[in-house]
Each structure stands twice: as C-alpha cells, then as structure tokens.
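Reproduced below: final.cif, with mmCIF, C-alpha atoms.
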data_protein
#
loop_
_atom_site.label_atom_id
_atom_site.label_comp_id
_atom_site.auth_asym_id
_atom_site.auth_seq_id
_atom_site.Cartn_x
_atom_site.Cartn_y
_atom_site.Cartn_z
CA MET R 11 128.53 120.67 55.28
CA ALA R 12 125.19 119.55 56.72
CA TYR R 13 122.76 118.25 54.11
CA ASP R 14 119.00 117.80 54.35
CA PHE R 15 119.44 114.15 53.29
CA ASP R 16 122.25 111.64 53.04
CA LEU R 17 120.64 110.15 49.93
CA PHE R 18 118.07 111.69 47.61
CA VAL R 19 116.54 109.17 45.20
CA ILE R 20 114.81 110.34 42.04
CA GLY R 21 112.39 107.63 40.91
CA ALA R 22 110.34 105.18 42.99
CA GLY R 23 110.70 102.19 40.71
CA SER R 24 112.22 98.86 41.66
CA GLY R 25 115.84 100.05 41.88
CA GLY R 26 115.11 103.36 43.57
CA VAL R 27 112.82 101.89 46.20
CA ARG R 28 115.28 99.09 47.00
CA ALA R 29 118.17 101.55 47.41
CA ALA R 30 116.07 103.93 49.51
CA ARG R 31 114.67 101.29 51.85
CA PHE R 32 117.96 99.64 52.59
CA ALA R 33 119.87 102.90 52.90
CA ALA R 34 117.32 104.04 55.47
CA GLY R 35 117.64 100.68 57.21
CA PHE R 36 121.39 101.25 57.42
CA GLY R 37 120.75 104.52 59.25
CA ALA R 38 120.85 107.04 56.39
CA LYS R 39 118.43 109.95 56.08
CA VAL R 40 116.71 109.29 52.76
CA ALA R 41 114.17 110.98 50.48
CA VAL R 42 112.48 109.62 47.37
CA ALA R 43 110.78 111.79 44.75
CA GLU R 44 108.31 110.25 42.29
CA SER R 45 106.15 112.14 39.79
CA ARG R 46 104.10 109.27 38.34
CA TYR R 47 103.42 106.03 40.15
CA LEU R 48 105.01 104.07 42.95
CA GLY R 49 106.66 100.89 41.76
CA GLY R 50 107.84 102.29 38.44
CA THR R 51 107.43 100.67 35.04
CA CYS R 52 107.47 97.08 36.28
CA VAL R 53 104.54 97.40 38.66
CA ASN R 54 102.41 99.82 36.65
CA VAL R 55 103.02 99.40 32.92
CA GLY R 56 105.50 96.54 32.70
CA CYS R 57 106.16 93.07 34.00
CA VAL R 58 103.34 92.79 36.56
CA PRO R 59 100.32 93.87 34.47
CA LYS R 60 101.84 92.17 31.42
CA LYS R 61 102.04 88.85 33.27
CA LEU R 62 98.42 89.24 34.39
CA LEU R 63 97.37 89.75 30.76
CA VAL R 64 99.47 86.75 29.72
CA TYR R 65 97.61 84.65 32.28
CA GLY R 66 94.35 85.90 30.80
CA ALA R 67 95.40 85.01 27.27
CA HIS R 68 96.59 81.56 28.40
CA VAL R 69 93.08 80.66 29.58
CA ALA R 70 92.18 80.16 25.91
CA ASP R 71 94.76 77.33 25.77
CA GLU R 72 93.32 75.70 28.87
CA LEU R 73 89.83 75.83 27.41
CA GLU R 74 91.05 74.30 24.16
CA GLN R 75 92.78 71.46 26.01
CA ALA R 76 89.88 70.76 28.37
CA ALA R 77 87.95 68.49 25.98
CA GLY R 78 90.80 65.97 25.92
CA PHE R 79 90.42 65.57 29.68
CA GLY R 80 86.70 64.97 29.53
CA TRP R 81 85.43 68.46 30.16
CA THR R 82 82.51 69.75 28.11
CA LEU R 83 82.41 73.54 28.31
CA GLU R 84 79.99 76.06 26.92
CA GLU R 85 81.56 78.47 24.49
CA GLY R 86 83.61 80.91 26.54
CA HIS R 87 83.14 84.66 26.42
CA PHE R 88 86.00 87.03 27.16
CA ASP R 89 85.41 90.52 28.55
CA TRP R 90 88.38 92.87 28.22
CA GLY R 91 86.87 95.43 30.57
CA THR R 92 86.71 92.94 33.43
CA LEU R 93 90.34 91.89 32.98
CA ILE R 94 91.57 95.49 32.90
CA ALA R 95 89.47 96.52 35.92
CA ASN R 96 90.78 93.59 37.94
CA LYS R 97 94.33 94.37 36.80
CA ASN R 98 93.93 97.99 37.85
CA ARG R 99 92.71 96.98 41.30
CA GLU R 100 95.78 94.76 41.79
CA ILE R 101 98.14 97.51 40.65
CA GLU R 102 96.55 99.94 43.11
CA ARG R 103 97.12 97.39 45.87
CA LEU R 104 100.79 97.11 44.90
CA ASN R 105 101.14 100.91 44.80
CA GLY R 106 99.97 100.95 48.41
CA ILE R 107 102.48 98.27 49.36
CA TYR R 108 105.32 100.28 47.85
CA ARG R 109 104.18 103.37 49.72
CA ASN R 110 104.14 101.45 53.00
CA LEU R 111 107.55 99.93 52.33
CA LEU R 112 109.05 103.38 51.96
CA VAL R 113 107.23 105.19 54.74
CA ASN R 114 107.66 102.36 57.23
CA SER R 115 111.39 102.34 56.46
CA GLY R 116 111.63 105.97 57.55
CA VAL R 117 112.01 107.34 54.02
CA THR R 118 110.62 110.79 53.22
CA LEU R 119 108.33 110.38 50.19
CA LEU R 120 107.92 113.43 47.96
CA GLN R 121 105.31 113.15 45.21
CA GLY R 122 106.25 115.49 42.41
CA HIS R 123 108.76 116.01 39.60
CA ALA R 124 112.34 116.24 40.80
CA ARG R 125 114.85 118.39 38.96
CA ILE R 126 118.53 118.49 39.81
CA THR R 127 119.70 122.07 40.27
CA GLY R 128 123.27 121.36 41.35
CA ALA R 129 125.67 118.61 42.31
CA HIS R 130 124.06 118.36 45.76
CA GLU R 131 120.68 119.99 45.21
CA VAL R 132 117.26 118.86 43.98
CA GLU R 133 114.09 120.86 43.47
CA VAL R 134 110.63 119.29 43.86
CA GLU R 135 107.51 121.38 43.29
CA GLY R 136 109.37 124.61 44.03
CA GLN R 137 111.02 123.30 47.20
CA ARG R 138 114.79 122.78 47.23
CA TYR R 139 116.56 120.01 49.12
CA SER R 140 120.26 119.35 49.61
CA ALA R 141 121.76 115.85 49.64
CA GLU R 142 125.21 114.36 50.01
CA HIS R 143 124.37 111.76 47.36
CA ILE R 144 121.77 111.93 44.58
CA LEU R 145 120.62 108.66 43.00
CA ILE R 146 118.99 108.78 39.56
CA ALA R 147 116.66 105.82 39.02
CA THR R 148 114.16 107.29 36.57
CA GLY R 149 113.96 104.27 34.25
CA GLY R 150 113.06 104.19 30.60
CA TRP R 151 110.25 105.24 28.29
CA PRO R 152 108.95 103.60 25.10
CA GLN R 153 109.74 105.38 21.86
CA VAL R 154 108.01 105.34 18.49
CA PRO R 155 109.94 106.07 15.26
CA ASP R 156 109.39 109.52 13.82
CA ILE R 157 107.08 108.59 10.93
CA PRO R 158 103.97 110.33 9.60
CA GLY R 159 101.05 109.29 11.77
CA LYS R 160 103.15 108.19 14.76
CA GLU R 161 100.61 109.87 17.05
CA LEU R 162 98.05 107.27 15.95
CA ALA R 163 100.14 104.41 17.35
CA ILE R 164 100.23 103.21 20.96
CA THR R 165 102.97 101.71 23.14
CA SER R 166 102.94 99.44 26.17
CA ASN R 167 102.11 102.49 28.31
CA GLU R 168 98.72 102.86 26.65
CA ALA R 169 98.01 99.18 25.93
CA PHE R 170 97.24 98.44 29.58
CA TYR R 171 94.48 101.03 29.59
CA LEU R 172 92.70 100.41 26.28
CA LYS R 173 88.93 100.75 26.72
CA GLU R 174 88.28 97.67 24.61
CA LEU R 175 90.20 94.89 22.91
CA PRO R 176 90.99 95.92 19.30
CA ARG R 177 89.63 93.56 16.66
CA ARG R 178 92.75 93.84 14.47
CA VAL R 179 96.22 94.66 15.82
CA LEU R 180 99.55 95.34 14.16
CA VAL R 181 102.43 94.83 16.59
CA VAL R 182 105.70 96.41 15.42
CA GLY R 183 109.02 95.28 16.86
CA GLY R 184 111.24 92.26 17.33
CA GLY R 185 112.12 92.34 21.03
CA TYR R 186 110.53 90.53 23.93
CA ILE R 187 107.87 93.21 24.52
CA ALA R 188 106.62 92.94 20.93
CA VAL R 189 106.56 89.14 21.03
CA GLU R 190 104.78 89.07 24.38
CA PHE R 191 102.08 91.55 23.38
CA ALA R 192 101.49 89.81 20.06
CA GLY R 193 100.76 86.67 22.09
CA ILE R 194 98.50 88.57 24.48
CA PHE R 195 96.43 90.21 21.76
CA GLN R 196 96.12 87.01 19.74
CA GLY R 197 95.38 84.85 22.78
CA LEU R 198 92.55 87.16 23.83
CA GLY R 199 90.98 86.97 20.39
CA ALA R 200 92.37 89.80 18.28
CA ASP R 201 93.46 89.23 14.69
CA THR R 202 97.16 89.93 15.20
CA THR R 203 100.12 90.56 12.89
CA LEU R 204 103.70 90.97 14.11
CA LEU R 205 105.94 93.10 11.90
CA TYR R 206 109.71 93.14 12.32
CA ARG R 207 112.23 94.88 10.12
CA GLY R 208 114.86 92.12 10.58
CA ASP R 209 115.10 88.54 9.38
CA LEU R 210 114.04 86.99 12.72
CA PHE R 211 112.90 88.39 16.05
CA LEU R 212 114.56 88.20 19.51
CA ARG R 213 118.04 89.16 18.38
CA GLY R 214 120.58 88.11 21.02
CA PHE R 215 118.68 85.00 22.06
CA ASP R 216 119.88 81.52 21.12
CA GLY R 217 119.29 80.71 17.45
CA SER R 218 117.47 77.45 18.20
CA VAL R 219 115.14 79.30 20.58
CA ARG R 220 114.33 81.99 18.03
CA THR R 221 113.61 79.51 15.25
CA HIS R 222 111.57 77.20 17.48
CA LEU R 223 109.40 80.03 18.79
CA LYS R 224 108.79 81.28 15.26
CA GLU R 225 107.53 77.84 14.25
CA GLU R 226 105.28 77.51 17.29
CA LEU R 227 103.77 80.98 16.86
CA GLN R 228 103.02 80.19 13.23
CA LYS R 229 101.29 76.97 14.31
CA ARG R 230 99.06 79.12 16.49
CA GLY R 231 98.10 81.24 13.51
CA LEU R 232 100.02 84.39 14.42
CA ASP R 233 100.83 86.32 11.23
CA LEU R 234 104.60 86.89 11.32
CA GLN R 235 105.99 89.32 8.76
CA PHE R 236 109.77 89.73 8.80
CA ASN R 237 111.80 92.25 6.79
CA ALA R 238 108.75 94.49 7.02
CA ASP R 239 108.48 98.01 8.38
CA ILE R 240 105.86 100.77 8.43
CA GLN R 241 106.48 103.96 6.45
CA ARG R 242 103.36 105.88 7.54
CA ILE R 243 100.08 105.47 9.39
CA ASP R 244 96.82 107.11 8.26
CA GLN R 245 93.40 107.17 9.89
CA GLN R 246 90.49 106.06 7.75
CA ALA R 247 87.02 107.59 7.66
CA ASP R 248 85.63 104.73 9.78
CA GLY R 249 88.29 105.31 12.47
CA SER R 250 90.44 102.34 11.49
CA LEU R 251 94.11 102.69 10.63
CA LYS R 252 95.97 102.11 7.39
CA ALA R 253 99.65 101.23 7.69
CA THR R 254 101.66 101.73 4.52
CA LEU R 255 104.77 99.58 4.52
CA LYS R 256 108.11 100.55 3.03
CA ASP R 257 107.59 97.93 0.33
CA GLY R 258 104.34 99.63 -0.70
CA ARG R 259 101.90 97.15 0.82
CA GLU R 260 98.97 98.40 2.87
CA LEU R 261 97.73 96.76 6.05
CA PHE R 262 94.57 97.73 7.91
CA ALA R 263 94.05 97.54 11.67
CA ASP R 264 92.20 99.04 14.59
CA CYS R 265 95.38 99.40 16.64
CA VAL R 266 99.06 99.80 15.79
CA PHE R 267 101.23 98.87 18.77
CA TYR R 268 104.92 99.86 18.75
CA ALA R 269 107.57 98.07 20.82
CA THR R 270 110.71 99.29 19.08
CA GLY R 271 112.91 100.19 22.00
CA ARG R 272 113.01 102.33 25.11
CA ARG R 273 114.94 105.51 25.81
CA PRO R 274 116.27 106.68 29.17
CA MET R 275 113.80 108.96 30.97
CA LEU R 276 115.84 112.13 31.41
CA ASP R 277 113.16 114.72 30.56
CA ASN R 278 113.60 117.96 32.50
CA LEU R 279 115.92 116.20 34.95
CA GLY R 280 118.39 119.09 35.06
CA LEU R 281 121.49 117.16 34.09
CA GLU R 282 122.79 120.30 32.40
CA ASN R 283 123.29 121.72 35.91
CA THR R 284 125.76 118.94 36.72
CA GLY R 285 128.83 117.24 35.32
CA VAL R 286 126.86 114.09 34.45
CA GLU R 287 127.72 112.75 30.98
CA LEU R 288 125.74 110.50 28.63
CA ASP R 289 127.15 107.65 26.57
CA ASP R 290 126.84 107.44 22.79
CA ARG R 291 123.41 105.77 23.13
CA GLY R 292 122.03 108.53 25.33
CA PHE R 293 122.13 106.63 28.63
CA ILE R 294 123.85 107.97 31.75
CA ARG R 295 127.52 107.01 31.82
CA VAL R 296 128.55 105.29 35.06
CA ASP R 297 131.54 103.34 36.33
CA ASP R 298 131.50 99.88 37.95
CA GLN R 299 130.10 101.37 41.14
CA TYR R 300 127.32 103.31 39.34
CA GLN R 301 129.13 106.59 39.90
CA THR R 302 128.45 109.18 37.21
CA THR R 303 130.98 111.74 36.03
CA GLU R 304 129.57 114.00 38.78
CA PRO R 305 131.06 112.54 42.02
CA SER R 306 127.95 113.12 44.14
CA ILE R 307 125.51 111.62 41.62
CA ILE R 308 124.84 107.91 41.09
CA ALA R 309 122.59 106.19 38.56
CA ILE R 310 121.13 102.67 38.33
CA GLY R 311 118.54 100.66 36.43
CA ASP R 312 117.20 101.19 32.93
CA VAL R 313 118.53 104.75 32.81
CA ILE R 314 122.11 103.43 32.52
CA GLY R 315 121.19 101.00 29.73
CA ARG R 316 123.06 97.91 30.92
CA VAL R 317 120.78 94.95 31.62
CA GLN R 318 117.26 96.33 31.61
CA LEU R 319 115.56 93.83 33.92
CA THR R 320 113.76 94.47 37.21
CA PRO R 321 115.82 92.01 39.30
CA VAL R 322 119.00 93.64 37.99
CA ALA R 323 117.79 97.09 39.06
CA LEU R 324 117.00 95.63 42.50
CA ALA R 325 120.51 94.20 42.76
CA GLU R 326 122.05 97.51 41.67
CA GLY R 327 119.97 99.42 44.23
CA MET R 328 121.10 97.07 46.97
CA ALA R 329 124.73 97.41 45.89
CA VAL R 330 124.55 101.21 46.05
CA ALA R 331 122.94 101.23 49.50
CA ARG R 332 125.56 98.87 50.87
CA ARG R 333 128.51 100.65 49.29
CA LEU R 334 127.46 104.02 50.66
CA PHE R 335 126.12 103.11 54.09
CA LYS R 336 127.15 99.53 54.94
CA PRO R 337 130.44 99.01 53.09
CA GLU R 338 131.35 95.87 55.02
CA GLN R 339 128.37 94.15 53.33
CA TYR R 340 129.09 95.49 49.84
CA ARG R 341 129.24 93.01 46.98
CA PRO R 342 129.37 94.01 43.30
CA VAL R 343 126.54 92.89 41.05
CA ASP R 344 127.41 89.81 39.01
CA TYR R 345 126.09 90.29 35.48
CA GLN R 346 127.06 86.76 34.39
CA ASN R 347 124.43 84.03 34.10
CA ILE R 348 121.38 86.24 34.67
CA PRO R 349 118.28 84.07 34.17
CA THR R 350 115.47 85.65 32.19
CA ALA R 351 112.14 84.75 30.65
CA VAL R 352 110.06 85.92 27.73
CA PHE R 353 106.37 85.43 28.44
CA SER R 354 105.50 84.60 24.88
CA GLN R 355 103.08 81.78 24.15
CA PRO R 356 104.78 79.36 24.54
CA PRO R 357 107.22 81.10 26.93
CA ILE R 358 111.02 81.20 26.82
CA GLY R 359 113.38 80.66 29.74
CA THR R 360 117.11 81.14 29.36
CA VAL R 361 120.28 81.45 31.44
CA GLY R 362 123.94 81.62 30.48
CA LEU R 363 125.53 81.73 27.04
CA THR R 364 123.76 81.09 23.78
CA GLU R 365 125.39 78.69 21.35
CA GLU R 366 126.47 81.66 19.25
CA GLN R 367 127.97 83.52 22.24
CA ALA R 368 129.85 80.42 23.39
CA LEU R 369 131.42 79.92 19.98
CA GLU R 370 132.26 83.61 19.69
CA ALA R 371 133.98 83.44 23.10
CA GLY R 372 136.21 80.65 21.79
CA HIS R 373 134.63 77.68 23.52
CA LYS R 374 134.63 74.29 21.87
CA VAL R 375 131.04 73.28 22.51
CA GLN R 376 128.78 70.29 22.66
CA ILE R 377 125.10 70.92 22.07
CA PHE R 378 122.32 68.86 23.65
CA GLU R 379 118.84 69.50 22.29
CA SER R 380 115.49 67.87 22.85
CA ARG R 381 112.16 68.62 21.20
CA PHE R 382 109.08 66.82 22.46
CA ARG R 383 105.33 67.10 22.78
CA ALA R 384 104.44 67.80 26.39
CA MET R 385 102.62 65.03 28.26
CA LYS R 386 99.69 67.34 28.94
CA LEU R 387 99.03 67.62 25.21
CA THR R 388 98.97 63.88 24.47
CA LEU R 389 95.22 63.73 25.16
CA THR R 390 94.57 66.63 22.80
CA ASP R 391 95.07 67.36 19.11
CA ILE R 392 97.50 70.19 19.87
CA GLN R 393 100.89 69.62 18.24
CA GLU R 394 102.95 72.20 20.11
CA LYS R 395 106.53 71.12 20.83
CA THR R 396 108.76 72.03 23.77
CA LEU R 397 112.43 72.80 23.17
CA MET R 398 115.19 72.23 25.73
CA LYS R 399 118.83 72.94 25.03
CA LEU R 400 122.15 72.76 26.87
CA VAL R 401 125.34 74.44 25.69
CA VAL R 402 128.36 72.63 27.20
CA ASP R 403 132.08 73.37 27.09
CA ALA R 404 133.51 70.23 25.47
CA GLU R 405 136.86 70.57 27.24
CA THR R 406 135.79 71.36 30.82
CA ASP R 407 132.29 69.77 30.74
CA LYS R 408 130.94 72.97 32.29
CA VAL R 409 127.37 73.86 31.35
CA LEU R 410 127.56 77.27 29.72
CA GLY R 411 123.89 77.83 28.88
CA CYS R 412 120.40 76.42 29.40
CA HIS R 413 117.54 77.38 27.11
CA MET R 414 113.89 76.37 26.95
CA VAL R 415 110.76 77.14 24.98
CA GLY R 416 107.65 75.61 26.49
CA PRO R 417 105.19 75.74 29.41
CA ASP R 418 106.64 76.97 32.72
CA ALA R 419 109.99 77.77 31.08
CA GLY R 420 110.65 80.68 33.44
CA GLU R 421 109.89 78.59 36.53
CA ILE R 422 112.21 75.80 35.41
CA ILE R 423 115.09 78.03 34.33
CA GLN R 424 115.20 79.81 37.70
CA GLY R 425 116.47 76.64 39.37
CA LEU R 426 118.98 76.03 36.63
CA GLY R 427 120.27 79.55 37.18
CA VAL R 428 121.50 78.40 40.60
CA ALA R 429 123.26 75.43 38.97
CA LEU R 430 125.09 77.62 36.46
CA LYS R 431 125.98 80.12 39.18
CA ALA R 432 127.57 77.24 41.06
CA GLY R 433 129.53 76.15 37.98
CA ALA R 434 127.71 72.86 37.38
CA THR R 435 129.08 70.37 34.84
CA LYS R 436 127.17 68.23 32.40
CA GLN R 437 128.18 65.18 34.44
CA GLN R 438 126.50 66.73 37.49
CA PHE R 439 123.37 67.35 35.44
CA ASP R 440 123.48 63.70 34.32
CA GLU R 441 123.95 62.44 37.87
CA THR R 442 120.97 64.45 39.15
CA ILE R 443 117.83 62.32 39.46
CA GLY R 444 114.87 63.81 37.63
CA VAL R 445 111.39 64.49 38.96
CA HIS R 446 109.09 62.17 37.02
CA PRO R 447 106.92 62.76 35.12
CA THR R 448 107.80 66.38 34.45
CA ALA R 449 109.14 68.34 31.52
CA ALA R 450 111.95 69.65 33.74
CA GLU R 451 113.53 66.19 34.05
CA GLU R 452 114.52 66.41 30.39
CA PHE R 453 117.32 68.77 31.40
CA VAL R 454 118.98 65.96 33.39
CA THR R 455 118.27 63.11 30.95
CA MET R 456 119.78 64.44 27.72
CA ARG R 457 122.69 62.02 27.35
CA THR R 458 123.72 62.25 23.70
CA ALA R 459 125.04 65.39 22.09
CA THR R 460 123.05 66.41 19.04
CA ARG R 461 126.09 68.17 17.55
#

Turn this file's structure into structure tokens for me.
Amino acid sequence: MAYDFDLFVIGAGSGGVRAARFAAGFGAKVAVAESRYLGGTCVNVGCVPKKLLVYGAHVADELEQAAGFGWTLEEGHFDWGTLIANKNREIERLNGIYRNLLVNSGVTLLQGHARITGAHEVEVEGQRYSAEHILIATGGWPQVPDIPGKELAITSNEAFYLKELPRRVLVVGGGYIAVEFAGIFQGLGADTTLLYRGDLFLRGFDGSVRTHLKEELQKRGLDLQFNADIQRIDQQADGSLKATLKDGRELFADCVFYATGRRPMLDNLGLENTGVELDDRGFIRVDDQYQTTEPSIIAIGDVIGRVQLTPVALAEGMAVARRLFKPEQYRPVDYQNIPTAVFSQPPIGTVGLTEEQALEAGHKVQIFESRFRAMKLTLTDIQEKTLMKLVVDAETDKVLGCHMVGPDAGEIIQGLGVALKAGATKQQFDETIGVHPTAAEEFVTMRTATR
C-alpha cells in the first residue's frame, strides 16, 4: 500500500523533532503535527526558560558576594517584567530555529491538533493523512490534585507568564521542579515556602545530597515544611489566597504553585481507534524498541514515562529514526549512568548509582565524601558548603556514582558521566591530575573513605 508519509510524528518537542529530522535525512517522507509550540515543553515551558530564570535569581548571589571583592554597588532593583520579556524573545527565537530545522530537513510541518483515526491514519484540522509508521511524542502535562480551589493554583505552564512577581509564594511538591522554582521565587525576592507531604524532598536522589541541600536551603532562609499538604485553597476579599493544610493550619500567599507530577498528554489523541495500550500508571506501553501494542505506532519521550529528561527523548528519537530507516546505524538507548542536574540554589549534579541504590543492588561499597566552603566564598561572610561524593564498589574499585551539590554541579558532572560510561575505577580517579584551584579537582583528590 502507498502511504502519504513513511513517518507521521505527533508532537514537535525534543524527541519528535529529532526523530523527524533524522528520518527525513535518511530519505524517509516525514510529517510533523504540532498544536501548541515548536520545541515542546523543554523550549517553551521547561528547561530553557527555567534555566534563564535560575540565572536571573542567581544574580542576587553575585551581588551579595561582590562586596568581598571590593565592589561597592548601589542597591539593586529587580524588574520581573523585563526578565519575562527578554525570556519570551529568546523562546521565540528558538521556536524559529526549530521550524527551520524541520523545514530545511524536508519535513512537512502541519500546525494543528493531530488525532489518530486508525492504525495508519491521522487527522489534522479535518484533513486525513496515511502513514506507514505513526510516532507519538506528545510529552507530559502538569497536574494539580483534585482539591477545592485547585483552579486558583498555577503550575510551571503559567509561572513563566506571570504578569508580576508574587510577593508571597507557596510551592507545593518535592520533586526537582518544585525545588527549582522555590529557589527561583526566593532568589528573585519573593517570600517563599516549600510544602512537601513527605519527610524529605527529592526522593530517589542520594540521601547525602537530599540532606545537604535541605541544610543549605534553610541557611538561605527558604521556609521548608515537610509532612505538610494542602487540603483546600480559598480566595480572600483582597485577592490573596488562603491555603488550609490537612493539619488545620492556615497559610496565606499571593500565589500557590503546584509541582506534584506530570501526566502523559493523551487528550483527544484517538488512541481508542487503535490497539495501543496504557500501563498501570497511564503512560503508553512500549517494548524495548518503543513499539506500542499497535504494530504501526511507536511512542517516545515523556509520554512513555521512563526517564523524563530532554536528552533521553533526543536519544530515543534518534534510535527510532535509525531503526526504521537506517538500521545499520541503530544502537539501543543506554539508560545506565544518565547524568542529570537539578538547578536548585545551590545546584545538584549526579550520575550513576546513589549509595542507597548501590547497597540495594548488593554492592559492598566505599563512600568518599567531602564538604567544603568554596574558594570564591572565602572573601565573603557566606557559609554555604559544597558537597562532593563518590560511591565505589569495594571489591572491583569501580566508581558506581558521583554526586555533587554546589556551584556548577551540572557542568562538572557532565565530564564525570563520560568517566562512568567508560567504567572508570577509583584508582583512575586518584591518578588523574586535578585542575587547580577548582572545586572539580576535589573529585580526584578524595583519598580516604569516609565510611
């Protein structure tokens, strides 16, 4: 049968665009349908604008440290509107780049909502197209618990477009998005409280990292409230919000920001017209090659609920394009030792196993930890500490995990990700000459196990 397209991609986010571009480059006839914005969550309401806001919040630290280096500065004034306008201009530029990447690759770009009407058929704005393969890359969407007053809360989608910086903010959640936005709001001057229903945030991260970050955030004056959850939200006569907690306490704010998880974006996608099945969490079920239970339909990225990171979606998109149209270049995605960062303040960088994961996997481990005050802070009164940690297999000497909390953690961990990918041992770390004076050299100078 002759199809209109060899590959029809639904969603022009990181994974979808990567798959479409490379499939077209391999000679396939490709279409991409996108109903919102080119670049997906990451470019528009995710990692890119978030990092820009983190940079903005970090300026407050630089101003505070300046006096120790001899700078006398007039009292700074922050303007939220300027930051958001500049951010919007950069996002528009990136949208244009994504458009050019697709069009210049020979991809047919359809702007409108795509709905699957059969195993090989997609409808966009009333027009039907046939395709040999359909790739679902529609990503995720933030969700707010179903409580009274939920419509008064915002999520990351709305936070990037607030007209003004709220004076008082309640951030609800214990994942990386909640921690990052709490740091953004506080760093830009808002009175910020972070509420989490568990004992300690960032579940799944190394225990030392979680505890260290908690201590550093408290030093900065961030109000951390654990084992706390909101029962209802009510609007006051003056427009402010009252959050009633499950323990009966009442907190008042101008903004309640929820970061309590993301669901797969499957709205009106037409999966009922196919044999595609969902797993018990509501994500699309796929096999190791991203094949759904409908042979002609593939799914990648956040919508399959594996590792919800932009570089992972890119790798999955590349793998799909190669498997379908350049099989001699196909390589499966390696989900081991994926480096990642949390752009909290101070930031986290991590790669490999946590101490807890290593023990659970049966490794006999040696732990190397170092906590120190960064050189940059020695001319200031700031008492922030950096944490560096190595998890090592005591029997093979292989480094199983590297973890850091401190300035430039993400930049430093990226290089260590290569080392772990190559199977580096602690001896090889020890025999590597450090770059002096840097914080990064601490990773190759920790000689004595702390436990």

- Task: Measuring atom to atom with only C-alpha atoms, identify which of R:Ile377, R:Ile94, R:Leu83, R:Thr148 is nearest to R:Leu48.
- Result: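 Of R:Ile377, R:Ile94, R:Leu83, R:Thr148, the one nearest R:Leu48, counting only C-alpha atoms, is R:Thr148.
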
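When the PyMOL selection byres ((chain R and resi 163-166) around 6) is run on the displayed coordinates, the residues it returns are Lys160, Glu161, Leu162, Asn167, Glu168, Ala169, Val266, Phe267 and Tyr268 of chain R.
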
- Item | Resolved residues for the PyMOL selection byres ((chain R and resi 24) around 10) as number ranges by chain | R: 21-23, 25-29, 48-53, 108, 147, 149, 311, 319-327

- Item | Long-range neighbours of R:Ile348 as a PyMOL selection string, 8 Å cut-off, all atoms listed in the file, 4 positions minimum in chain | chain R and resi 361-362+427

- Task: Go through the shown structure with the PyMOL selection byres ((chain R and resi 188) around 12) and write out the matching residues as JSON, numbers by chain.
- Result: {"R": [60, 152, 165, 166, 169, 179, 180, 181, 182, 183, 184, 185, 186, 187, 189, 190, 191, 192, 193, 194, 195, 202, 203, 204, 205, 206, 211, 212, 234, 266, 267, 268, 269, 270, 271, 352, 353, 354]}

Name the residues in contact with R:Gln121 at a cut-off of 7 Å, using all atoms listed in the file, excluding same-chain residues fewer than 4 positions from it; report them as a PDB file with C-alpha atoms, in the coordinates of the input.
ATOM      1  CA  ALA R  43     110.780 111.790  44.750  1.00  0.00           C
ATOM      2  CA  GLU R  44     108.310 110.250  42.290  1.00  0.00           C
ATOM      3  CA  SER R  45     106.150 112.140  39.790  1.00  0.00           C
TER       4      SER R  45
END

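The interatomic distance for the pair atom CA of R:Thr435 and atom CA of R:Gly214 works out to 24.0 Å.
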
- Message: From the options R:Ile294, R:Cys412, R:Val330, R:Val58, which residue's atoms come nearest to R:Ala33, counting all atoms listed in the file?
- Response: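 Nearest to R:Ala33: R:Val330.
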